[in-house]
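Engineer: Got structure-v1.pdb for you, PDB, C-alpha atoms:
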```
MODEL        1
ATOM      1  CA  MET A 155     -95.704  20.404  18.464
ATOM      2  CA  TRP A 156     -92.444  21.181  20.225
ATOM      3  CA  THR A 157     -91.062  18.550  22.597
ATOM      4  CA  GLU A 158     -88.268  18.849  25.104
ATOM      5  CA  ARG A 159     -85.675  16.096  24.930
ATOM      6  CA  ASP A 160     -81.980  15.932  25.745
ATOM      7  CA  ASN A 161     -81.983  19.565  26.940
ATOM      8  CA  ARG A 162     -83.379  20.817  23.629
ATOM      9  CA  LEU A 163     -86.711  21.979  22.270
ATOM     10  CA  VAL A 164     -87.279  19.927  19.132
ATOM     11  CA  ARG A 165     -89.860  20.081  16.384
ATOM     12  CA  GLU A 166     -90.040  18.274  13.062
ATOM     13  CA  PHE A 167     -91.688  19.823  10.015
ATOM     14  CA  ARG A 168     -92.819  18.265   6.725
ATOM     15  CA  PHE A 169     -93.326  20.286   3.576
ATOM     16  CA  LYS A 170     -94.541  19.703   0.030
ATOM     17  CA  ASP A 171     -91.040  19.662  -1.452
ATOM     18  CA  PHE A 172     -87.431  20.741  -0.984
ATOM     19  CA  GLN A 173     -88.025  24.310  -2.127
ATOM     20  CA  GLU A 174     -90.797  24.835   0.423
ATOM     21  CA  ALA A 175     -88.642  23.312   3.180
ATOM     22  CA  PHE A 176     -85.673  25.481   2.249
ATOM     23  CA  THR A 177     -87.822  28.602   2.101
ATOM     24  CA  PHE A 178     -89.010  27.837   5.636
ATOM     25  CA  MET A 179     -85.419  27.388   6.800
ATOM     26  CA  THR A 180     -84.472  30.741   5.265
ATOM     27  CA  ARG A 181     -87.355  32.438   7.060
ATOM     28  CA  VAL A 182     -86.277  30.779  10.327
ATOM     29  CA  ALA A 183     -82.709  31.993   9.745
ATOM     30  CA  PHE A 184     -83.825  35.632   9.423
ATOM     31  CA  LEU A 185     -86.098  35.271  12.446
ATOM     32  CA  ALA A 186     -83.321  33.671  14.510
ATOM     33  CA  GLU A 187     -80.952  36.472  13.576
ATOM     34  CA  SER A 188     -83.458  39.044  14.831
ATOM     35  CA  HIS A 189     -83.563  37.125  18.130
ATOM     36  CA  ALA A 190     -79.751  36.810  18.205
ATOM     37  CA  HIS A 191     -80.452  33.139  18.909
ATOM     38  CA  HIS A 192     -79.475  30.493  16.390
ATOM     39  CA  PRO A 193     -81.048  27.026  16.122
ATOM     40  CA  THR A 194     -79.699  23.768  14.826
ATOM     41  CA  MET A 195     -81.578  22.871  11.649
ATOM     42  CA  VAL A 196     -81.448  19.574   9.761
ATOM     43  CA  ASN A 197     -82.932  19.278   6.278
ATOM     44  CA  THR A 198     -83.528  16.270   4.059
ATOM     45  CA  PHE A 199     -85.680  16.987   1.010
ATOM     46  CA  SER A 200     -89.072  18.037   2.460
ATOM     47  CA  TYR A 201     -88.168  17.355   6.116
ATOM     48  CA  VAL A 202     -86.795  19.951   8.543
ATOM     49  CA  ARG A 203     -85.909  19.386  12.201
ATOM     50  CA  VAL A 204     -85.289  22.421  14.384
ATOM     51  CA  GLU A 205     -83.521  22.146  17.749
ATOM     52  CA  LEU A 206     -83.291  24.999  20.231
ATOM     53  CA  HIS A 207     -81.146  25.375  23.336
ATOM     54  CA  THR A 208     -79.221  28.246  24.870
ATOM     55  CA  HIS A 209     -75.432  27.917  24.705
ATOM     56  CA  ASP A 210     -74.872  30.801  27.131
ATOM     57  CA  ALA A 211     -76.948  28.992  29.782
ATOM     58  CA  GLY A 212     -74.945  25.787  29.524
ATOM     59  CA  GLY A 213     -76.857  24.188  26.666
ATOM     60  CA  VAL A 214     -80.240  23.945  28.357
ATOM     61  CA  VAL A 215     -83.699  25.143  27.338
ATOM     62  CA  THR A 216     -84.494  28.681  28.463
ATOM     63  CA  ARG A 217     -87.142  31.328  27.926
ATOM     64  CA  LYS A 218     -85.207  32.477  24.825
ATOM     65  CA  ASP A 219     -85.819  29.078  23.246
ATOM     66  CA  HIS A 220     -89.533  29.111  24.017
ATOM     67  CA  GLU A 221     -89.864  32.634  22.601
ATOM     68  CA  LEU A 222     -88.101  31.691  19.362
ATOM     69  CA  ALA A 223     -90.170  28.485  19.089
ATOM     70  CA  GLN A 224     -93.349  30.562  19.373
ATOM     71  CA  ASP A 225     -92.180  32.903  16.633
ATOM     72  CA  ILE A 226     -91.192  29.968  14.397
ATOM     73  CA  ASP A 227     -94.696  28.543  14.844
ATOM     74  CA  ALA A 228     -96.136  31.905  13.800
ATOM     75  CA  LEU A 229     -94.340  31.578  10.435
ATOM     76  CA  LEU A 230     -96.681  28.708   9.601
ATOM     77  CA  GLN A 231     -99.920  30.538  10.344
TER
ENDMDL
END
```
Starting from the coordinates I provided, produce the structure as structure tokens.

Structural biologist:
Amino acid sequence: MWTERDNRLVREFRFKDFQEAFTFMTRVAFLAESHAHHPTMVNTFSYVRVELHTHDAGGVVTRKDHELAQDIDALLQ
């Protein structure tokens, strides 16, 4: 579930292992590139945190962030 905090949409993901987490991050990277909208991602072993906000709008959450979050969620279905 995505939460909004500190002017960012944030979601934390847990995976089976590092390879699965890194594969997810790679898929998010390609998806983000297609949106021309690039998240902050933090990875430690099987944990990934994704943060979304729009730099061009002053670093706040916009429709672009919600759209990318929806598409990231779809990667897991």

Engineer: Which residues fall under the PyMOL selection byres ((chain A and resi 215-218) around 8) in this file, as JSON, numbers by chain?

Structural biologist: {"A": [161, 162, 163, 191, 206, 207, 208, 211, 213, 214, 219, 220, 221, 222]}

Engineer: Report as a count of residues only the residues that result from applying the PyMOL selection byres ((chain A and resi 229) around 10) to the structure here.

Structural biologist: 11

Engineer: Under the rule that only C-alpha atoms are counted, which of A:Asn197, A:His209, A:Ala183, A:His192 is the nearest residue to Phe169 (chain A)?

Structural biologist: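 Of A:Asn197, A:His209, A:Ala183, A:His192, the one nearest Phe169 (chain A), counting only C-alpha atoms, is A:Asn197.
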
Engineer: In the coordinates of the file, take the point (-85.5, 24.5, 13.0) and a cut-off of 9 Å; then, counting all atoms listed in the file, name each qualifying protein, DNA or RNA residue as number ranges by chain.

Structural biologist: A: 164-167, 178-179, 182-183, 193-197, 202-206, 223, 226

Engineer: Between CA of Phe176 (chain A) and CA of Arg159 (chain A), what is the spacing in Å?

Structural biologist: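 Separation between CA of Arg159 (chain A) and CA of Phe176 (chain A): 24.5 Å.
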
Engineer: For the atom pair CA of Asp160 (chain A) and CA of Ser188 (chain A), what is the interatomic distance in Å to one decimal place?

Structural biologist: 25.6 Å

Engineer: What is the CA of Glu174 (chain A)-CA of Phe199 (chain A) distance in Å, reported with one decimal?

Structural biologist: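 We find that CA of Glu174 (chain A) and CA of Phe199 (chain A) lie 9.4 Å from each other.
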
Engineer: Nearest to Ala175 (chain A): which of A:Met155, A:Asp210, A:Ala190, A:Ser200 is it, counting all atoms listed in the file?

Structural biologist: A:Ser200

Engineer: Point out the residue among A:Glu187, A:Thr180, A:Arg168, A:Trp156 with the least atom-to-atom distance to Tyr201 (chain A), counting only C-alpha atoms.

Structural biologist: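 Result for the nearest residue to Tyr201 (chain A): A:Arg168.
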
Engineer: What would region 202-220 of chain A look like with N, CA and C atoms restored, written as a PDB file, keeping the file's coordinate frame?

Structural biologist:
```pdb
ATOM      1  N   VAL A 202     -87.654  19.036   7.793  1.00  0.00           N
ATOM      2  CA  VAL A 202     -86.795  19.951   8.543  1.00  0.00           C
ATOM      3  C   VAL A 202     -86.980  19.656  10.028  1.00  0.00           C
ATOM      4  N   ARG A 203     -85.874  19.497  10.740  1.00  0.00           N
ATOM      5  CA  ARG A 203     -85.909  19.386  12.201  1.00  0.00           C
ATOM      6  C   ARG A 203     -85.203  20.608  12.774  1.00  0.00           C
ATOM      7  N   VAL A 204     -85.851  21.249  13.724  1.00  0.00           N
ATOM      8  CA  VAL A 204     -85.289  22.421  14.384  1.00  0.00           C
ATOM      9  C   VAL A 204     -85.063  22.067  15.845  1.00  0.00           C
ATOM     10  N   GLU A 205     -83.871  22.376  16.347  1.00  0.00           N
ATOM     11  CA  GLU A 205     -83.521  22.146  17.749  1.00  0.00           C
ATOM     12  C   GLU A 205     -83.080  23.470  18.365  1.00  0.00           C
ATOM     13  N   LEU A 206     -83.611  23.755  19.537  1.00  0.00           N
ATOM     14  CA  LEU A 206     -83.291  24.999  20.231  1.00  0.00           C
ATOM     15  C   LEU A 206     -82.750  24.697  21.623  1.00  0.00           C
ATOM     16  N   HIS A 207     -81.655  25.353  21.962  1.00  0.00           N
ATOM     17  CA  HIS A 207     -81.146  25.375  23.336  1.00  0.00           C
ATOM     18  C   HIS A 207     -80.222  26.583  23.446  1.00  0.00           C
ATOM     19  N   THR A 208     -79.981  27.017  24.654  1.00  0.00           N
ATOM     20  CA  THR A 208     -79.221  28.246  24.870  1.00  0.00           C
ATOM     21  C   THR A 208     -77.797  27.919  25.299  1.00  0.00           C
ATOM     22  N   HIS A 209     -76.845  28.195  24.417  1.00  0.00           N
ATOM     23  CA  HIS A 209     -75.432  27.917  24.705  1.00  0.00           C
ATOM     24  C   HIS A 209     -74.955  28.682  25.932  1.00  0.00           C
ATOM     25  N   ASP A 210     -75.335  29.953  26.022  1.00  0.00           N
ATOM     26  CA  ASP A 210     -74.872  30.801  27.131  1.00  0.00           C
ATOM     27  C   ASP A 210     -75.362  30.327  28.492  1.00  0.00           C
ATOM     28  N   ALA A 211     -76.396  29.507  28.515  1.00  0.00           N
ATOM     29  CA  ALA A 211     -76.948  28.992  29.782  1.00  0.00           C
ATOM     30  C   ALA A 211     -76.478  27.564  30.046  1.00  0.00           C
ATOM     31  N   GLY A 212     -75.466  27.127  29.310  1.00  0.00           N
ATOM     32  CA  GLY A 212     -74.945  25.787  29.524  1.00  0.00           C
ATOM     33  C   GLY A 212     -75.604  24.727  28.662  1.00  0.00           C
ATOM     34  N   GLY A 213     -76.255  25.144  27.585  1.00  0.00           N
ATOM     35  CA  GLY A 213     -76.857  24.188  26.666  1.00  0.00           C
ATOM     36  C   GLY A 213     -78.172  23.612  27.138  1.00  0.00           C
ATOM     37  N   VAL A 214     -78.919  24.392  27.894  1.00  0.00           N
ATOM     38  CA  VAL A 214     -80.240  23.945  28.357  1.00  0.00           C
ATOM     39  C   VAL A 214     -81.323  24.812  27.716  1.00  0.00           C
ATOM     40  N   VAL A 215     -82.563  24.398  27.876  1.00  0.00           N
ATOM     41  CA  VAL A 215     -83.699  25.143  27.338  1.00  0.00           C
ATOM     42  C   VAL A 215     -84.030  26.302  28.281  1.00  0.00           C
ATOM     43  N   THR A 216     -84.173  27.482  27.689  1.00  0.00           N
ATOM     44  CA  THR A 216     -84.494  28.681  28.463  1.00  0.00           C
ATOM     45  C   THR A 216     -85.698  29.392  27.831  1.00  0.00           C
ATOM     46  N   ARG A 217     -86.059  30.492  28.444  1.00  0.00           N
ATOM     47  CA  ARG A 217     -87.142  31.328  27.926  1.00  0.00           C
ATOM     48  C   ARG A 217     -86.858  31.783  26.501  1.00  0.00           C
ATOM     49  N   LYS A 218     -85.582  32.068  26.187  1.00  0.00           N
ATOM     50  CA  LYS A 218     -85.207  32.477  24.825  1.00  0.00           C
ATOM     51  C   LYS A 218     -85.623  31.425  23.802  1.00  0.00           C
ATOM     52  N   ASP A 219     -85.464  30.165  24.157  1.00  0.00           N
ATOM     53  CA  ASP A 219     -85.819  29.078  23.246  1.00  0.00           C
ATOM     54  C   ASP A 219     -87.325  29.014  23.037  1.00  0.00           C
ATOM     55  N   HIS A 220     -88.068  29.150  24.124  1.00  0.00           N
ATOM     56  CA  HIS A 220     -89.533  29.111  24.017  1.00  0.00           C
ATOM     57  C   HIS A 220     -90.057  30.291  23.200  1.00  0.00           C
TER      58      HIS A 220
END
```
